[in-house]
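S.K.: Pasting in a structure now, in C-alpha cells, and then I'll have a few things to ask.
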Amino acid sequence: MRQDNKKVGAIGEDAAAQLLRKKGYQILERNFRTRWGEIDIIARGKWKGRTLPLTLFVEVKTKTGDQYGEPWEMINMRKWQQVKNMAQVYLTKNGLGEVPCRIDVIGVWLDLDHEVEKIKHWENVTGLDLIGR
C-alpha cells in the first residue's frame with residue numbers, strides 16, 4: 001500500500017473513532033488482525049435501550065474524491081464474509097460467544113488537504129444483529 005493511502009486511511013479511522021466516541025461508544029480495539037484480514041474498529045455501547053451492551057465491528061472507508069460511489073459500495077461480498085469471520089474470532093478470543101453485535105460502515109470524505117469534509121455512519125449494513133448466536 002502506498003504511503004499516501006496509509007495516511008488517508010489513518011485519518012479516516014481517527015475521524016471514525018472520534019465519531020463513535022461522540023455517539024457514546026467505547027473503542028475496544030483498532031486494527032484487530034486475524035488470518036482473514038483486519039477490522040478497523042471494534043467498539044461497545046448501548047443497543048436500542050436494551051441492558052446488554054452492543055459490540056460493533058466497523059469497517060472504515062476513506063475517500064479523497066466522489067468517484068466510485070458511496071464508501072460502503074467499495075466493499076464486496078467477500079469482504080463482508082471476512083469481517084464476519086474476524087468478528088467471530090474476536091468474540092471467541094474474548095469469551096463473548098453470544099452477545100448482540102452489528103457490522104457498520106463509516107465513510108469519511110477528505111478534501112484535497114486531507115481534512116475531513118464529510119463523515120457518514122451506516123449501521124447494521126449486513127442485517128446481522130446477532131453475529132455471536
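By convention in this document, the chains of the C-alpha cells carry letters A, B, ... by their order, each chain's residues are numbered from 1, and ligands are numbered from 1 in the order they are shown.
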Give me the residues within 12 Å of Asp111 (chain A) as an MDAnalysis selection string, counting only C-alpha atoms and dropping any in the same chain fewer than 2 places off.
M.R.: chainID A and resid 8 11:12 62:66 108:109 113:119
S.K.: Mind listing the alpha helix (DSSP H) residues of chain A, per DSSP on the backbone, as an MDAnalysis selection string?
M.R.: chainID A and resid 3:22 77:93
S.K.: Please dump the current selection as a PDB file, in the first residue's frame; keep C-alpha atoms.
M.R.:
```pdb
ATOM      1  CA  GLN A   3       2.307   5.760   1.958  1.00  0.00           C
ATOM      2  CA  ASP A   4      -0.390   8.276   0.939  1.00  0.00           C
ATOM      3  CA  ASN A   5      -3.082   5.571   1.111  1.00  0.00           C
ATOM      4  CA  LYS A   6      -1.942   4.636   4.624  1.00  0.00           C
ATOM      5  CA  LYS A   7      -2.066   8.284   5.685  1.00  0.00           C
ATOM      6  CA  VAL A   8      -5.545   8.749   4.208  1.00  0.00           C
ATOM      7  CA  GLY A   9      -6.737   5.547   5.897  1.00  0.00           C
ATOM      8  CA  ALA A  10      -5.335   6.587   9.276  1.00  0.00           C
ATOM      9  CA  ILE A  11      -7.016  10.000   9.051  1.00  0.00           C
ATOM     10  CA  GLY A  12     -10.322   8.318   8.239  1.00  0.00           C
ATOM     11  CA  GLU A  13     -10.018   5.805  11.073  1.00  0.00           C
ATOM     12  CA  ASP A  14      -9.188   8.577  13.562  1.00  0.00           C
ATOM     13  CA  ALA A  15     -12.257  10.542  12.431  1.00  0.00           C
ATOM     14  CA  ALA A  16     -14.451   7.424  12.644  1.00  0.00           C
ATOM     15  CA  ALA A  17     -13.244   6.620  16.174  1.00  0.00           C
ATOM     16  CA  GLN A  18     -13.941  10.204  17.215  1.00  0.00           C
ATOM     17  CA  LEU A  19     -17.476   9.998  15.768  1.00  0.00           C
ATOM     18  CA  LEU A  20     -18.171   6.752  17.633  1.00  0.00           C
ATOM     19  CA  ARG A  21     -16.953   8.276  20.911  1.00  0.00           C
ATOM     20  CA  LYS A  22     -19.267  11.266  20.357  1.00  0.00           C
ATOM     21  CA  MET A  77     -19.431  -9.774  -0.553  1.00  0.00           C
ATOM     22  CA  ARG A  78     -16.068 -11.442   0.070  1.00  0.00           C
ATOM     23  CA  LYS A  79     -15.056  -8.589   2.393  1.00  0.00           C
ATOM     24  CA  TRP A  80     -18.362  -8.862   4.301  1.00  0.00           C
ATOM     25  CA  GLN A  81     -17.674 -12.553   4.877  1.00  0.00           C
ATOM     26  CA  GLN A  82     -14.139 -11.751   6.046  1.00  0.00           C
ATOM     27  CA  VAL A  83     -15.469  -9.177   8.522  1.00  0.00           C
ATOM     28  CA  LYS A  84     -17.997 -11.699   9.839  1.00  0.00           C
ATOM     29  CA  ASN A  85     -15.248 -14.327  10.256  1.00  0.00           C
ATOM     30  CA  MET A  86     -12.981 -11.830  12.014  1.00  0.00           C
ATOM     31  CA  ALA A  87     -15.845 -10.801  14.310  1.00  0.00           C
ATOM     32  CA  GLN A  88     -16.364 -14.450  15.284  1.00  0.00           C
ATOM     33  CA  VAL A  89     -12.650 -14.765  16.080  1.00  0.00           C
ATOM     34  CA  TYR A  90     -12.782 -11.648  18.260  1.00  0.00           C
ATOM     35  CA  LEU A  91     -15.888 -12.850  20.113  1.00  0.00           C
ATOM     36  CA  THR A  92     -14.397 -16.295  20.739  1.00  0.00           C
ATOM     37  CA  LYS A  93     -10.997 -14.929  21.770  1.00  0.00           C
TER      38      LYS A  93
END
```
S.K.: Can you list, as a list in words, every protein, DNA or RNA residue that comes within 7 Å of region 36-53 of chain A when you count only C-alpha atoms, leaving out same-chain residues fewer than 6 positions away?
M.R.: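 Skipping anything fewer than 6 positions along the chain leaves Gly24, Tyr25, Gln26, Ile27, Leu28, Glu29, Arg30, Glu59, Val60, Gln82, Val83 and Met86 of chain A.
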S.K.: What is the CA of Lys23 (chain A) to CA of Tyr68 (chain A) distance in Å?
M.R.: 28.1 Å
S.K.: May I ask for the distance between CA of Glu98 (chain A) and CA of Leu56 (chain A), given in Å to one decimal place?
M.R.: 13.6 Å
S.K.: Which of these, A:Lys61, A:His121, A:Thr126, A:Gly69, has the shortest distance to Arg102 (chain A) once you count only C-alpha atoms?
M.R.: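 Of the candidates, the smallest distance to Arg102 (chain A) is held by A:Thr126.
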S.K.: State, in Å with one decimal place, the distance from CA of Leu54 (chain A) to CA of Val99 (chain A).
M.R.: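 Between these atoms lies a distance of 7.2 Å.
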S.K.: Which of region 5-79 of chain A end up as strand (DSSP E or B) when DSSP is run on this backbone - answer as a PyMOL selection string?
M.R.: chain A and resi 26-34+37-47+50-63
S.K.: Since we have the selection now, will you write its residues out, keeping C-alpha atoms, as a PDB file, in the first residue's frame?
M.R.:
```pdb
ATOM      1  CA  GLN A  26     -16.229   2.928  23.819  1.00  0.00           C
ATOM      2  CA  ILE A  27     -13.425   1.953  21.441  1.00  0.00           C
ATOM      3  CA  LEU A  28     -12.223  -1.527  22.403  1.00  0.00           C
ATOM      4  CA  GLU A  29      -9.701  -2.155  19.628  1.00  0.00           C
ATOM      5  CA  ARG A  30      -8.381  -0.651  16.445  1.00  0.00           C
ATOM      6  CA  ASN A  31      -6.860  -2.596  13.579  1.00  0.00           C
ATOM      7  CA  PHE A  32      -7.703  -6.038  15.002  1.00  0.00           C
ATOM      8  CA  ARG A  33      -5.854  -8.551  12.816  1.00  0.00           C
ATOM      9  CA  THR A  34      -6.676 -12.159  12.031  1.00  0.00           C
ATOM     10  CA  GLY A  37      -7.518  -9.530   7.475  1.00  0.00           C
ATOM     11  CA  GLU A  38      -8.221  -6.592   9.731  1.00  0.00           C
ATOM     12  CA  ILE A  39     -11.234  -4.996  11.387  1.00  0.00           C
ATOM     13  CA  ASP A  40     -10.692  -1.248  11.543  1.00  0.00           C
ATOM     14  CA  ILE A  41     -12.571  -0.532  14.784  1.00  0.00           C
ATOM     15  CA  ILE A  42     -14.266  -2.644  17.438  1.00  0.00           C
ATOM     16  CA  ALA A  43     -16.472  -0.674  19.821  1.00  0.00           C
ATOM     17  CA  ARG A  44     -19.087  -1.251  22.504  1.00  0.00           C
ATOM     18  CA  GLY A  45     -22.117   0.753  23.534  1.00  0.00           C
ATOM     19  CA  LYS A  46     -25.830   0.722  24.283  1.00  0.00           C
ATOM     20  CA  TRP A  47     -28.165  -1.101  21.946  1.00  0.00           C
ATOM     21  CA  ARG A  50     -31.509  -2.993  25.982  1.00  0.00           C
ATOM     22  CA  THR A  51     -29.420  -3.898  29.000  1.00  0.00           C
ATOM     23  CA  LEU A  52     -26.846  -5.978  27.131  1.00  0.00           C
ATOM     24  CA  PRO A  53     -24.100  -3.927  25.508  1.00  0.00           C
ATOM     25  CA  LEU A  54     -23.793  -3.947  21.738  1.00  0.00           C
ATOM     26  CA  THR A  55     -20.465  -4.783  20.112  1.00  0.00           C
ATOM     27  CA  LEU A  56     -19.763  -3.003  16.827  1.00  0.00           C
ATOM     28  CA  PHE A  57     -17.393  -4.215  14.153  1.00  0.00           C
ATOM     29  CA  VAL A  58     -16.698  -1.193  11.984  1.00  0.00           C
ATOM     30  CA  GLU A  59     -15.210  -1.064   8.502  1.00  0.00           C
ATOM     31  CA  VAL A  60     -13.934   2.437   7.715  1.00  0.00           C
ATOM     32  CA  LYS A  61     -13.699   3.573   4.099  1.00  0.00           C
ATOM     33  CA  THR A  62     -11.985   6.864   3.382  1.00  0.00           C
ATOM     34  CA  LYS A  63     -12.223   8.685   0.073  1.00  0.00           C
TER      35      LYS A  63
END
```
S.K.: I need the residue nearest Val105 (chain A) from this list: A:Pro71, A:Gly127, A:Arg35, A:Asn76. Use only C-alpha atoms for the distance.
M.R.: A:Pro71
